[in-house]
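For reference, the structure discussed in these notes is given below.
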Amino acid sequence: MKMNRRHGEGAESEEPCDAEVKAGLRDQDRSAQGRPPPHRRCRLRSQAERVLVACALLREHKADSLWDAYTSIINDQALILSINSSFVDPLLQFETQLKIIESSFKSVFTIPCLEEVKEMGNGSDDEDLQELYQSILNVYEDTLLILVSKDFYKLQILKEMIVWMSRDRLGQQGRILVIISRVLIFAAKKVKESASVDAPCLGVLAAELCLLCSHASRSITQPASMGMYHLLCIAKRQNEFLLDVLKEDKTEVARSIGHMLLPSLLTDFVWSLLMRLAMPDRGMTKEAANMLRLTLEHHAHKVTMVSKIVELIYVQLSKNSNHVMKHAMLRVITLLTRTSPKKVIFQLMDYPVPADNTLALMWQAAGSEASVALPVLTTILLILRGKPGEMQESLADRRRFSLDTTNMMPMAASQALCTLLPVPSYKKAVAQFFPQLLMALLFQVFYTCNMTLVIENKLFFARDALRVLLHCSGLQEVDTDLNRKNFWDQISQVLFHHHGVYLIATTLGEHNFPQFPETLHYLYKLSVEGPRRSEDSVITVIFLTELLNKFFKDPFPEEFLVLFRKWINDSNPAVSKLSLQKIASMAPVINQVRNVCSLLLSILDAFLSKDQTVIIRALLTLRRLLNKLDKVTYSSLCTQIASSYCPLMDHSNGGIRSMAIRHFGELVRDMSQYRWTLNNAVFRALVPLILFLEDTETRVITACKHTLAICVSELRWSTSNLLLDRCYSFELVVLSICNNLFISHGRYIVELLSDALGFLRNSQVYLRRASVILIGYLTTLGGHLLLRDDIEVILEGIDRVLDDEDPEIKALASKTHKLLKNVANKLTSSVIKQTSRRLFNFIYIKKFKPLYNYISPNDVTEKPCGDERNQEREERPCA
């Protein structure tokens with residue numbers, strides 16, 4: 001090839017001489033009709049000369065541009081290849097090379113086209129200029145081939161070339177695509193020799209070539225189709241799709257692309273086409289939309305970054321989008337929902353509430369795919385498990401995409417259901433999920449009823465969705481009835497919560513709703529698994545209870561009774577009380593309940609609750625059931641029941657103390673036929689029954705007198721009259737009980753003293769005071785039954801209250817301390833003497849006057865009834 005540039009004389013010899021110009025002008029004159037005036041002939045000659053000179057200069061300038069382009073591309077190639085051989089960071093290396101290649105691109109594809117080059121020639125140099133032109137293209141192509149042969153990653157340059165090409169207005173697309181096609185052909189051959197291919201740009205490049213395959217010009221479509229084929233060969237290292245691609249069958253092309261591209265590359269392909277939808281070229285928009293549809297219909301399951309694609313569509317649709325673009329993007333939402341419903345739904349939930357028109361359109365598009373109705377509703381139900389406004393524990397635990405840590409997805413899900421539930425294709429799925437949707441929306445209604453955002457903006461989406469659900473499930477009459485009961489207007493009021501649940505459950509029952517069996521089954525499943533929040537438990541218990549009341553007679557089937565037994569000890573006090581209330585209502589049929597013992601023992605467990613109202617409800621429920629329980633079962637449990645009452649007699653709440661004490665007395669009276677079974681329990685309760693006679697609350701004192709009267713009557717002790725209000729004296733009651741105790745049950749003295757010593761550490765003054773007095777009488781009257789070690793322990797306990805802050809307790813303790821010393825002095829180390837002393841004291845009781853002359857705040861001021869006081873002072877033989 002001749003590469004010598006022509007300058008100087010050679011260049012000047014090519015220009016036309018004056019003789020030739022004159023001859024040309026003469027020929028023109030002869031052909032003219034008539035000769036112009038002489039001055040006109042001179043003007044024509046000057047113009048022709050100027051034209052010829054201008055043409056010569058233009059040809060010279062274009063030839064110079066070819067030489068300049070050639071010089072530039074050679075220099076650029078050398079620089080690019082030198083960088084390619086260096087140890088520069090790969091990313092920096094690529095970025096630098098890309099900038100140089102872009103500069104070369106501008107130089108190469110701004111030169112004249114081949115037709116213009118041919119016109120530039122002047123005989124002998126035509127071939128040289130054409131060779132120069134082709135050399136420029138060859139050098140640029142060779143540079144690309146060298147780069148790609150070293151690293152398939154640099155196929156990325158081809159993608160950038162198409163971007164640069166789209167800005168070209170000089171009609172060079174054909175030449176550019178030919179080079180791109182040749183590079184892809186080379187790469188397709190080279191890839192067969194490689195172990196792996198790192199070409200992340202194939203997806204985007206495939207999208208661009210795919211659109212160019214539908215170009216109007218054959219000079220564009222032919223190299224684009226060839227390039228597409230070889231691109232797919234690179235992607236999958238196979239070539240069986242050549243004929244389909246070259247046939248330009250769009251469906252087959254789309255299938256081939258989806259089949260061959262890896263998920264990440266196919267995602268790039270889809271993303272690029274989506275971006276093309278926003279371009280002003282309507283023809284290109286239609287082609288992109290068509291290719292998106294064809295690809296996603298068969299290969300949407302391979303697309304990754306679904307959430308980002310949905311976000312892109314939302315942003316694009318929020319702008320002023322044309323009809324073709326809007327339809328195409330909504331169709332993409334539909335197709336993505338078909339294969340990735342969970343990802344699409346979660347992303348659609350992550351926008352501000354309430355949804356705007358754009359989001360509503362996207363919901364409709366997602367709901368138009370009938371085949372995924374079940375997974376869509378499953379995903380929404382999963383989201384409805386959340387509580388609106390609830391702060392997420394940690395960013396890592398969140399399934400959200402926004403920066404806001406407040407979970408508003410459940411509200412969005414409720415609004416979405418208003419759109420999705422009426423869709424005809426969702427009818428079957430709605431019927432299948434009716435119980436789950438019903439309860440989830442009920443929970444949401446009561447979650448949102450005290451949210452400021454909901455109340456102020458009237459965003460009652462959960463309520464609206466609940467009404468839609470009733471209508472879609474053939475329960476329009478239920479909705480009408482609830483509306484007549486003013487349910488929908490009051491549902492947002494916090495105080496209406498529990499009654500509202502009761503109302504909707506009873507209304508459904510009144511209309512014998514056909515979904516009852518599956519609803520009952522779901523409620524049972526929900527109850528067994530355990531709800532997520534305590535407020536959910538309340539709603540579940542109320543709803544289930546009312547449905548059971550409607551469709552079953554007491555007692556409930558055992559499997560449901562097990563639930564109520566479990567709920568007795570629920571962590572939510574409201575649930576416990578609801579369960580206890582329902583169990584109490586079954587008192588008339590309690591003897592028909594299987595495993596009734598287990599039920600009663602569960603109620604006893606509720607006595608340990610930290611909530612006082614639960615304990616009170618448990619006491620009332622147990623008492624109501626015991627009144628109807630058969631005596632055989634009752635007697636088998638009486639000991640356990642009595643033991644459960646005892647700790648409550650010392651409860652901090654006066655109401656619980658009085659109730660436990662009174663119910664213990666009722667238990668003793670109920671078991672009069674089985675009195676022997678409760679002896680131990682009565683003596684374990686004796687100390688608190690005595691001490692709480694000094695209580696500051698009248699109801700507790702009354703309960704103690706009532707229960708002690710029952711106990712002493714059952715024990716046949718002569719103390720009942722002293723408990724009457726008109727002649728009551730605390731010290732005389734203690735003296736009488738102790739005398740009767742040592743006559744018949746002296747073996748309990750150690751246990752009673754131990755219990756009394758425990759009250760010396762109580763924070764209540766009246767209990768410490770009463771226990772000091774009781775200890776004094778127990779040791780004085782029963783000292784003969786004690787050992788020296790016992791006396792030492794009691795003395796140690798009394799020593800602790802000798803310095804009590806209450807002066808009366810100090811005085812009483814001092815008196816008791818002296819009494820204990822007297823008892824201790826009478827003890828002997830001789831076993832024989834100690835035994836004789838015990839026998840003597842057992843046979844004969846000395847007369848005792850009151851030891852303390854203590855006047856209780858609760859004592860009457862009147863003279864005691866009859867001679868009861870004197871009777872206690874007289875000596876009397878042992879009964």
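Going through the structure tokens in order, the chains are called A, B, and so on, while each chain numbers its residues from 1 and the ligands are numbered from 1 in the order shown.
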Surrounding residues of A:Val501 excluding itself and chain neighbours under 3 positions, 12 Å, only C-alpha atoms, as a ChimeraX atom specification:
/A:438-439,441-443,445-446,482,487-488,490-491,494-498,504-508,535-547
Write out as a PyMOL selection string the set of residues from stretch 491-680 of chain A that DSSP, computed on the backbone, places in helix (DSSP H, G or I).
chain A and resi 494-510+516-529+534-551+558-567+573-584+587-592+596-608+612-626+631-648+654-670+672-680
In Å, rounded to a single decimal, give me how far atom CA of A:Ile656 is from atom CA of A:Pro857.
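That distance, rounded to one decimal, is 22.4 Å.
In terms of minimum interatomic distance to A:Ala824, A:His784 ranks closest within A:Lys810, A:His784, A:His301, A:His706, counting only C-alpha atoms.
Proximity to A:Ile603 was assessed for A:Ile590, A:Val183, A:Leu741, A:Ile583 counting only C-alpha atoms; the smallest distance is recorded for A:Ile583.
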Residues near A:Met671, anyone? I mean within 8 Å using only C-alpha atoms, not counting same-chain ones fewer than 5 positions away, as a ChimeraX atom specification.
/A:635,638,678
I need the chosen residues saved as a PDB file, in the first residue's frame, with N, CA, C and O atoms.
```
ATOM      1  N   SER A 635     -62.947 -33.992  97.614  1.00  0.00           N
ATOM      2  CA  SER A 635     -62.119 -34.473  98.727  1.00  0.00           C
ATOM      3  C   SER A 635     -60.723 -34.879  98.257  1.00  0.00           C
ATOM      4  O   SER A 635     -59.762 -34.774  99.023  1.00  0.00           O
ATOM      5  N   CYS A 638     -58.879 -31.451  98.127  1.00  0.00           N
ATOM      6  CA  CYS A 638     -59.043 -30.445  99.174  1.00  0.00           C
ATOM      7  C   CYS A 638     -57.716 -30.045  99.820  1.00  0.00           C
ATOM      8  O   CYS A 638     -57.507 -28.887 100.169  1.00  0.00           O
ATOM      9  N   LEU A 678     -58.144 -32.540 106.425  1.00  0.00           N
ATOM     10  CA  LEU A 678     -57.722 -31.144 106.452  1.00  0.00           C
ATOM     11  C   LEU A 678     -57.064 -30.727 107.761  1.00  0.00           C
ATOM     12  O   LEU A 678     -56.773 -29.547 107.949  1.00  0.00           O
TER      13      LEU A 678
END
```
Closest contacts (stretch 592-684 of chain A/stretch 562-581 of chain A, max 7 Å, only C-alpha atoms) as JSON lines:
```
{"residue": "A:Leu599", "atom": "CA", "partner": "A:Arg565", "partner_atom": "CA", "distance": 6.0}
{"residue": "A:Ser602", "atom": "CA", "partner": "A:Arg565", "partner_atom": "CA", "distance": 6.4}
{"residue": "A:Ile603", "atom": "CA", "partner": "A:Ile568", "partner_atom": "CA", "distance": 6.7}
{"residue": "A:Ala606", "atom": "CA", "partner": "A:Asn569", "partner_atom": "CA", "distance": 5.8}
{"residue": "A:Asp611", "atom": "CA", "partner": "A:Pro573", "partner_atom": "CA", "distance": 6.6}
{"residue": "A:Val614", "atom": "CA", "partner": "A:Lys577", "partner_atom": "CA", "distance": 5.8}
{"residue": "A:Arg617", "atom": "CA", "partner": "A:Lys577", "partner_atom": "CA", "distance": 6.4}
{"residue": "A:Ala618", "atom": "CA", "partner": "A:Leu580", "partner_atom": "CA", "distance": 6.4}
{"residue": "A:Thr621", "atom": "CA", "partner": "A:Leu580", "partner_atom": "CA", "distance": 6.4}
```
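Within the 9 Å cut-off around A:Leu359, using only C-alpha atoms and omitting residues fewer than 4 positions from it on the same chain, the listed residues are Tyr314, Ser318, Leu348, Tyr351, Ala355, Trp363 and Gln364 of chain A.
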Which of A:Leu802, A:Met409, A:Leu232, A:Leu812 sits closest to A:Gly776 [using only C-alpha atoms]
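Counting only C-alpha atoms, the residue closest to A:Gly776 is A:Leu812.
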Just the residues within 9 Å of A:Asn627, please, counting only C-alpha atoms, with nothing from its chain fewer than 3 positions along; format it as a PyMOL selection string.
chain A and resi 587+622-624+630+670
I need the residues from that last selection saved to file as a short mmCIF file (atom, residue, chain, number, x, y, z; two decimals), in the first residue's frame (with all heavy atoms), if you can.
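Generated output (part_28.cif):
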```cif
data_model
loop_
_atom_site.label_atom_id
_atom_site.label_comp_id
_atom_site.auth_asym_id
_atom_site.auth_seq_id
_atom_site.Cartn_x
_atom_site.Cartn_y
_atom_site.Cartn_z
N ALA A 587 -69.77 -23.76 85.57
CA ALA A 587 -69.98 -24.39 86.88
C ALA A 587 -71.15 -25.37 86.89
O ALA A 587 -71.03 -26.47 87.47
CB ALA A 587 -70.18 -23.31 87.94
N LEU A 622 -62.78 -20.50 91.24
CA LEU A 622 -62.63 -21.75 91.97
C LEU A 622 -63.77 -21.98 92.94
O LEU A 622 -64.33 -23.09 93.03
CB LEU A 622 -61.29 -21.74 92.71
CG LEU A 622 -60.98 -23.00 93.51
CD1 LEU A 622 -60.86 -24.21 92.57
CD2 LEU A 622 -59.71 -22.83 94.32
N ARG A 623 -64.14 -20.92 93.66
CA ARG A 623 -65.22 -21.07 94.63
C ARG A 623 -66.54 -21.44 93.95
O ARG A 623 -67.30 -22.27 94.44
CB ARG A 623 -65.39 -19.73 95.37
CG ARG A 623 -66.34 -19.79 96.55
CD ARG A 623 -65.79 -20.67 97.64
NE ARG A 623 -66.65 -21.83 97.89
CZ ARG A 623 -66.24 -22.95 98.44
NH1 ARG A 623 -64.99 -23.09 98.82
NH2 ARG A 623 -67.07 -23.95 98.63
N ARG A 624 -66.77 -20.85 92.78
CA ARG A 624 -68.01 -21.14 92.04
C ARG A 624 -68.04 -22.58 91.56
O ARG A 624 -69.07 -23.24 91.60
CB ARG A 624 -68.14 -20.19 90.86
CG ARG A 624 -69.47 -20.26 90.15
CD ARG A 624 -69.60 -19.14 89.14
NE ARG A 624 -70.87 -19.20 88.43
CZ ARG A 624 -71.22 -18.35 87.48
NH1 ARG A 624 -70.39 -17.36 87.13
NH2 ARG A 624 -72.40 -18.47 86.87
N ASP A 630 -68.67 -32.52 92.67
CA ASP A 630 -69.07 -33.67 93.49
C ASP A 630 -68.03 -33.89 94.58
O ASP A 630 -66.83 -33.65 94.40
CB ASP A 630 -69.22 -34.92 92.62
CG ASP A 630 -67.89 -35.45 92.13
OD1 ASP A 630 -67.30 -36.26 92.85
OD2 ASP A 630 -67.44 -35.03 91.03
N ASP A 670 -67.03 -27.28 103.86
CA ASP A 670 -67.46 -28.22 102.82
C ASP A 670 -66.96 -29.63 103.09
O ASP A 670 -67.63 -30.62 102.77
CB ASP A 670 -66.94 -27.77 101.45
CG ASP A 670 -67.61 -26.51 100.96
OD1 ASP A 670 -68.66 -26.14 101.50
OD2 ASP A 670 -67.06 -25.86 100.03
#
```
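If you count only C-alpha atoms and ignore residues fewer than 4 places along the chain from A:Leu277, what sits within 10 Å of it is Ser272, Leu273, Asp281, Arg282, Gly283, Met284, Thr285, Lys286, Glu287, Ala288, Ala289, Leu292, Gln316, Ser321, Asn322, Val324, Met325, Lys326, Ala328 and Met329 of chain A.
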Restricting it to N, CA, C and O atoms, dump the selection as a compact mmCIF listing (two decimals), in the first residue's frame.
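Result went into selection-v7.txt, see below:
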```txt
# COMPACT_ATOMS: atom_id res chain seq x y z
N SER A 272 -31.47 -2.50 30.89
CA SER A 272 -31.16 -1.64 29.75
C SER A 272 -32.40 -1.37 28.90
O SER A 272 -32.64 -0.24 28.45
N LEU A 273 -33.20 -2.41 28.69
CA LEU A 273 -34.43 -2.23 27.91
C LEU A 273 -35.41 -1.32 28.64
O LEU A 273 -36.11 -0.52 28.01
N ASP A 281 -37.62 8.24 21.27
CA ASP A 281 -37.85 7.50 20.03
C ASP A 281 -38.97 6.48 20.25
O ASP A 281 -38.78 5.44 20.88
N ARG A 282 -40.18 6.75 19.72
CA ARG A 282 -41.32 5.88 19.94
C ARG A 282 -41.10 4.49 19.34
O ARG A 282 -41.52 3.48 19.91
N GLY A 283 -40.47 4.45 18.19
CA GLY A 283 -40.21 3.16 17.57
C GLY A 283 -39.33 2.29 18.42
O GLY A 283 -39.58 1.10 18.61
N MET A 284 -38.27 2.89 18.95
CA MET A 284 -37.37 2.16 19.83
C MET A 284 -38.08 1.74 21.11
O MET A 284 -37.85 0.65 21.64
N THR A 285 -38.95 2.58 21.61
CA THR A 285 -39.71 2.26 22.82
C THR A 285 -40.58 1.03 22.60
O THR A 285 -40.64 0.13 23.45
N LYS A 286 -41.24 0.95 21.46
CA LYS A 286 -42.10 -0.20 21.16
C LYS A 286 -41.28 -1.47 21.04
O LYS A 286 -41.69 -2.54 21.52
N GLU A 287 -40.12 -1.38 20.39
CA GLU A 287 -39.27 -2.56 20.25
C GLU A 287 -38.77 -3.03 21.61
O GLU A 287 -38.73 -4.23 21.89
N ALA A 288 -38.36 -2.08 22.45
CA ALA A 288 -37.89 -2.44 23.79
C ALA A 288 -39.01 -3.08 24.60
O ALA A 288 -38.79 -4.08 25.31
N ALA A 289 -40.21 -2.53 24.51
CA ALA A 289 -41.36 -3.08 25.24
C ALA A 289 -41.67 -4.50 24.78
O ALA A 289 -41.94 -5.40 25.59
N LEU A 292 -38.95 -6.89 26.01
CA LEU A 292 -39.11 -7.12 27.44
C LEU A 292 -40.20 -8.16 27.70
O LEU A 292 -40.03 -9.10 28.49
N GLN A 316 -39.99 5.91 37.16
CA GLN A 316 -40.29 6.28 35.77
C GLN A 316 -41.78 6.58 35.59
O GLN A 316 -42.16 7.53 34.90
N SER A 321 -45.12 9.84 31.83
CA SER A 321 -44.82 8.71 30.95
C SER A 321 -45.87 8.61 29.85
O SER A 321 -47.05 8.89 30.07
N ASN A 322 -45.43 8.19 28.67
CA ASN A 322 -46.37 8.01 27.57
C ASN A 322 -47.11 6.68 27.72
O ASN A 322 -46.76 5.83 28.55
N VAL A 324 -47.32 4.00 25.78
CA VAL A 324 -46.56 2.79 25.48
C VAL A 324 -45.65 2.43 26.64
O VAL A 324 -45.57 1.27 27.06
N MET A 325 -44.97 3.42 27.17
CA MET A 325 -44.06 3.18 28.29
C MET A 325 -44.83 2.69 29.51
O MET A 325 -44.41 1.73 30.18
N LYS A 326 -45.94 3.33 29.83
CA LYS A 326 -46.73 2.94 31.00
C LYS A 326 -47.22 1.50 30.87
O LYS A 326 -47.09 0.69 31.79
N ALA A 328 -46.00 -0.90 29.02
CA ALA A 328 -44.88 -1.84 29.03
C ALA A 328 -44.36 -2.06 30.43
O ALA A 328 -44.08 -3.21 30.84
N MET A 329 -44.21 -1.01 31.21
CA MET A 329 -43.68 -1.14 32.56
C MET A 329 -44.64 -1.86 33.49
O MET A 329 -44.22 -2.66 34.33
```
Need to verify the contact set: A:Lys159, 7 Å, only C-alpha atoms, exclusion of same-chain residues closer than 3 positions in sequence. Can you return it as a tab-separated table (two decimals) with C-alpha atoms, in the first residue's frame?
```tsv
chain	number	residue	atom	x	y	z
A	156	GLN	CA	-17.25	-3.62	27.96
A	162	ILE	CA	-22.82	1.70	21.08
A	163	VAL	CA	-23.48	4.53	23.53
A	201	CYS	CA	-21.35	-6.32	30.00
A	205	LEU	CA	-24.68	-5.23	25.08
```
